[in-house]
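Inspection log for the structure reproduced underneath, given as structure tokens.
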Amino acid sequence: MDRDYSKITPADAPWLVAASARAVCDAIAAGGHQIFYVGGCVRNALLGVDASDVDMSSSATPEQVIALAKAAGLKPVPTGIDHGTITVVSDGTGYEVTTFRRDVETDGRRAVVAFSDDITDDARRRDFTMNAIYADANGIVVDPLGGMDDLRNRRVRFIDNADQRIREDYLRALRYFRFFAWYGNTAEGLDPDALAAISSNLDGLETLSAERVTAEMRKFLEAPDPSQAIAAMSQTGTLGTILAGADSRFLLLMIHGAEALGLPPHWLGRLVALGGEATLERLRLSKSEQRQYQYIKAAAFDGVSLPATAYENGVDVAVQAYLIRCAIAESMPDPDQITQLTDAATKTFPITASDLMPAYAGPALGARLAQLKAAWITSNFTLGKAELLALPVP
């Protein structure tokens with residue numbers, strides 16, 4: 001049965017019947033204003049995909065949203081009031097309510113906006129046609145720019161002029177590849193106009209903050225299969241602009257290998273596979289992510305033992321390194337190797353410091369423990385306690 005694109009149902013959008021969301025809609029509507037769900041929650045509901053955020057758009061000004069929310073017993077928080085956004089907390093859940101807007105001036109990173117009471121103005125300032133679809137409180141779809149045809153066909157297309165949309169916010173170039181990776185029609189391929197506009201605006205990518213680039217790359221590399229999109233990123237020069245020296249070749253093979261084994265995406269492993277110069281300096285990773293990145297890189301490219309990596313740093317890190325090694329060798333990964341690495345991660349070193357005391361103390365104790373652990377790992381975890389204690393001191 002074909003999907004009905006004229007109405008969202010609670011089956012695909014549980015938030016549509018959530019009492020907390022309904023209270024926000026009712027509060028704004030009580031003031032005589034329009035209120036719509038918009039963006040990812042609407043897009044994903046129509047595609048039958050879960051949505052993580054539920055955003056709303058309204059003809060009410062921020063001040064009116066605040067007043068109406070208070071009158072209804074809800075809590076308004078001016079999280080982005082300068083840009084028209086008020087977070088309305090309803091029964092413990094926050095909903096971002098943004099006034100209809102139109103761009104007055106942009107510099108590729110931020111925009112000066114003016115409020116509007118016209119939903120079409122609001123739709124035109126968005127990035128892609130599939131993101132400019134709205135739904136009212138009852139789930140009835142409102143499509144000011146005719147984006148439904150693109151959504152039905154999973155066609156990721158910029159609104160109106162691609163070059164202009166990118167110049168309004170250069171991050172949209174990266175968002176284009178991310179959206180294609182998640183929602184695009186791979187049989188139809190990427191939009192030539194979009195690729196041409198992206199290629200013409202590469203300099204703008206260099207003005208983006210590391211935080212914004214990192215967030216976008218994380219979402220992009222978490223897509224189940226971004227192969228076609230990453231190849232296009234490379235061909236347009238986008239990849240090399242945001243990550244100097246990066247190469248998509250190993251990543252494409254890595255994705256294929258992981259898919260063959262049914263392994264889930266691991267964005268850091270994929271980032272390591274891309275290579276590049278000073279990647280950790282270009283992006284903003286947490287300390288934990290930086291460590292994982294370095295561990296995967298060392299095991300993939302520097303010959304660090306995979307079983308040792310699994311034992312010391314976890315099976316996920318070791319598996320990602322193994323997948324990259326297979327990609328470099330242009331060979332398919334072996335399921336048995338995954339099993340061995342999984343097993344290695346569960347091992348328990350049979351020697352404790354007390355086993356070596358009082359014969360060893362201080363730095364000597366640490367050195368002896370390290371020597372025995374290395375021997376144990378080298379033996380593929382087969383040496384027992386007695387055998388390890390009997391090993392000579394080097």
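Each chain in the structure tokens gets a letter, A, B and so on, in the order shown; residues start at 1 in every chain, and ligands are counted from 1 in the order they appear.
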
Going by DSSP on the backbone, which bits of segment 179-270 of chain A are helix (DSSP H, G or I)? Write them as a PDB file with C-alpha atoms, in the first residue's frame, please.
```pdb
ATOM      1  CA  PHE A 179      21.304  14.204   3.864  1.00  0.00           C
ATOM      2  CA  PHE A 180      22.025  12.286   0.695  1.00  0.00           C
ATOM      3  CA  ALA A 181      23.838   9.605   2.715  1.00  0.00           C
ATOM      4  CA  TRP A 182      20.807   9.170   4.963  1.00  0.00           C
ATOM      5  CA  TYR A 183      17.878   9.854   2.647  1.00  0.00           C
ATOM      6  CA  PRO A 192      24.343  17.978 -10.559  1.00  0.00           C
ATOM      7  CA  ASP A 193      23.287  21.550  -9.738  1.00  0.00           C
ATOM      8  CA  ALA A 194      24.028  20.973  -6.069  1.00  0.00           C
ATOM      9  CA  LEU A 195      27.453  19.479  -6.809  1.00  0.00           C
ATOM     10  CA  ALA A 196      28.342  22.366  -9.121  1.00  0.00           C
ATOM     11  CA  ALA A 197      27.345  24.924  -6.486  1.00  0.00           C
ATOM     12  CA  ILE A 198      29.305  23.099  -3.800  1.00  0.00           C
ATOM     13  CA  SER A 199      32.409  22.957  -6.000  1.00  0.00           C
ATOM     14  CA  LEU A 202      34.814  25.460  -1.400  1.00  0.00           C
ATOM     15  CA  ASP A 203      36.540  28.520   0.052  1.00  0.00           C
ATOM     16  CA  GLY A 204      33.546  29.106   2.275  1.00  0.00           C
ATOM     17  CA  LEU A 205      34.089  25.788   4.026  1.00  0.00           C
ATOM     18  CA  ALA A 210      35.745  23.149  13.885  1.00  0.00           C
ATOM     19  CA  GLU A 211      32.768  22.393  16.128  1.00  0.00           C
ATOM     20  CA  ARG A 212      30.242  22.713  13.288  1.00  0.00           C
ATOM     21  CA  VAL A 213      32.349  20.666  10.879  1.00  0.00           C
ATOM     22  CA  THR A 214      32.872  17.949  13.484  1.00  0.00           C
ATOM     23  CA  ALA A 215      29.165  17.689  14.304  1.00  0.00           C
ATOM     24  CA  GLU A 216      28.301  17.387  10.623  1.00  0.00           C
ATOM     25  CA  MET A 217      30.989  14.811   9.875  1.00  0.00           C
ATOM     26  CA  ARG A 218      29.913  12.712  12.849  1.00  0.00           C
ATOM     27  CA  LYS A 219      26.318  12.571  11.593  1.00  0.00           C
ATOM     28  CA  PHE A 220      27.486  11.928   8.043  1.00  0.00           C
ATOM     29  CA  LEU A 221      29.803   9.051   8.945  1.00  0.00           C
ATOM     30  CA  SER A 227      29.732   5.418  -0.014  1.00  0.00           C
ATOM     31  CA  GLN A 228      28.147   7.348  -2.871  1.00  0.00           C
ATOM     32  CA  ALA A 229      28.128  10.578  -0.904  1.00  0.00           C
ATOM     33  CA  ILE A 230      31.735  10.277   0.275  1.00  0.00           C
ATOM     34  CA  ALA A 231      32.869   9.582  -3.296  1.00  0.00           C
ATOM     35  CA  ALA A 232      31.106  12.763  -4.423  1.00  0.00           C
ATOM     36  CA  MET A 233      32.637  14.702  -1.535  1.00  0.00           C
ATOM     37  CA  SER A 234      36.044  13.629  -2.775  1.00  0.00           C
ATOM     38  CA  GLN A 235      35.333  14.388  -6.431  1.00  0.00           C
ATOM     39  CA  THR A 236      34.033  17.893  -5.714  1.00  0.00           C
ATOM     40  CA  THR A 238      34.923  19.071  -0.435  1.00  0.00           C
ATOM     41  CA  LEU A 239      36.655  16.268   1.443  1.00  0.00           C
ATOM     42  CA  GLY A 240      40.135  17.625   0.806  1.00  0.00           C
ATOM     43  CA  THR A 241      39.045  21.101   1.829  1.00  0.00           C
ATOM     44  CA  ILE A 242      37.732  20.127   5.255  1.00  0.00           C
ATOM     45  CA  ARG A 249      39.484   4.932  -1.147  1.00  0.00           C
ATOM     46  CA  PHE A 250      40.053   2.924   2.047  1.00  0.00           C
ATOM     47  CA  LEU A 251      36.778   4.070   3.554  1.00  0.00           C
ATOM     48  CA  LEU A 252      34.768   2.818   0.591  1.00  0.00           C
ATOM     49  CA  LEU A 253      36.355  -0.621   0.925  1.00  0.00           C
ATOM     50  CA  MET A 254      35.954  -0.559   4.694  1.00  0.00           C
ATOM     51  CA  ILE A 255      32.227   0.189   4.423  1.00  0.00           C
ATOM     52  CA  HIS A 256      31.807  -2.715   2.012  1.00  0.00           C
ATOM     53  CA  GLY A 257      33.659  -5.078   4.343  1.00  0.00           C
ATOM     54  CA  ALA A 258      31.711  -4.053   7.430  1.00  0.00           C
ATOM     55  CA  GLU A 259      28.428  -4.341   5.553  1.00  0.00           C
ATOM     56  CA  ALA A 260      29.298  -7.897   4.490  1.00  0.00           C
ATOM     57  CA  TRP A 267      32.076   6.999  12.803  1.00  0.00           C
ATOM     58  CA  LEU A 268      35.543   7.237  14.384  1.00  0.00           C
ATOM     59  CA  GLY A 269      36.751   4.127  12.609  1.00  0.00           C
ATOM     60  CA  ARG A 270      35.527   5.584   9.339  1.00  0.00           C
TER      61      ARG A 270
END
```

Query raised in the report: Quick one: residues within 12 Å of Gln371 of chain A, only C-alpha atoms counted, chain neighbours fewer than 2 positions away excluded, as a ChimeraX atom specification?
Result: /A:351,364-369,373-378,388-389,391-394

Requested in this report: Rank nothing, just name the residue among A:Asp122, A:Ser59, A:Ser20, A:Ser200 nearest to Gly92 of chain A, using only C-alpha atoms.
Outcome: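 Of the candidates, the smallest distance to Gly92 of chain A is held by A:Ser20.
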
**Report entry** Option closest in space to Asp247 of chain A, from A:Ala187, A:Leu271, A:Ile133, A:Leu261 [counting only C-alpha atoms]
**Finding:**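 Among the listed residues, A:Leu271 lies closest to Asp247 of chain A.
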
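Atom CA of Ala67 of chain A lies 12.9 Å from atom CA of Gly32 of chain A.
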
Query raised in the report: With only C-alpha atoms as the basis for distance, which of A:Asp127, A:Asp55, A:Asp12, A:Glu277 is at the shortest distance from Ile166 of chain A?
Result: A:Asp127

Requested in this report: Return the single residue from A:Leu46, A:Leu263, A:Ala370, A:Cys326 that is closest to Asp225 of chain A, with distances computed using only C-alpha atoms.
Outcome: A:Leu263

Query raised in the report: Nearest to Gly262 of chain A among A:Ala72, A:Ile338, A:Met130, A:Ala345, with distances taken over only C-alpha atoms: which residue is it?
Result: A:Ile338

Query raised in the report: atom CA of Lys70 of chain A to atom CA of Ala27 of chain A: how many Å, to one decimal?
Result: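 That distance, rounded to one decimal, is 8.9 Å.
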
Query raised in the report: If you count only C-alpha atoms, which residues fall within 10 Å of Gly303 of chain A, apart from same-chain ones fewer than 5 positions away, as a ChimeraX atom specification?
Result: /A:297-298,321,325

Query raised in the report: Looking at only C-alpha atoms, which of A:Pro358, A:Tyr293, A:Ala327, A:Thr186 is the one that sits closest to Ser248 of chain A?
Result: A:Ala327

Query raised in the report: Which residues come within 12 Å of Gln294 of chain A, counting only C-alpha atoms, excluding same-chain residues fewer than 2 positions away, as a VMD selection string?
Result: chain A and resid 268 to 269 271 to 273 275 279 to 280 285 287 to 292 296 to 302 304 309 313 317 to 318 320 to 321

Query raised in the report: Contacts of Gly39 of chain A at 12 Å or less, counting only C-alpha atoms, minus same-chain residues fewer than 3 places along, as a PyMOL selection string?
Result: chain A and resi 36+42-46+51-57+96-98+122-123+126-135+141-143+147
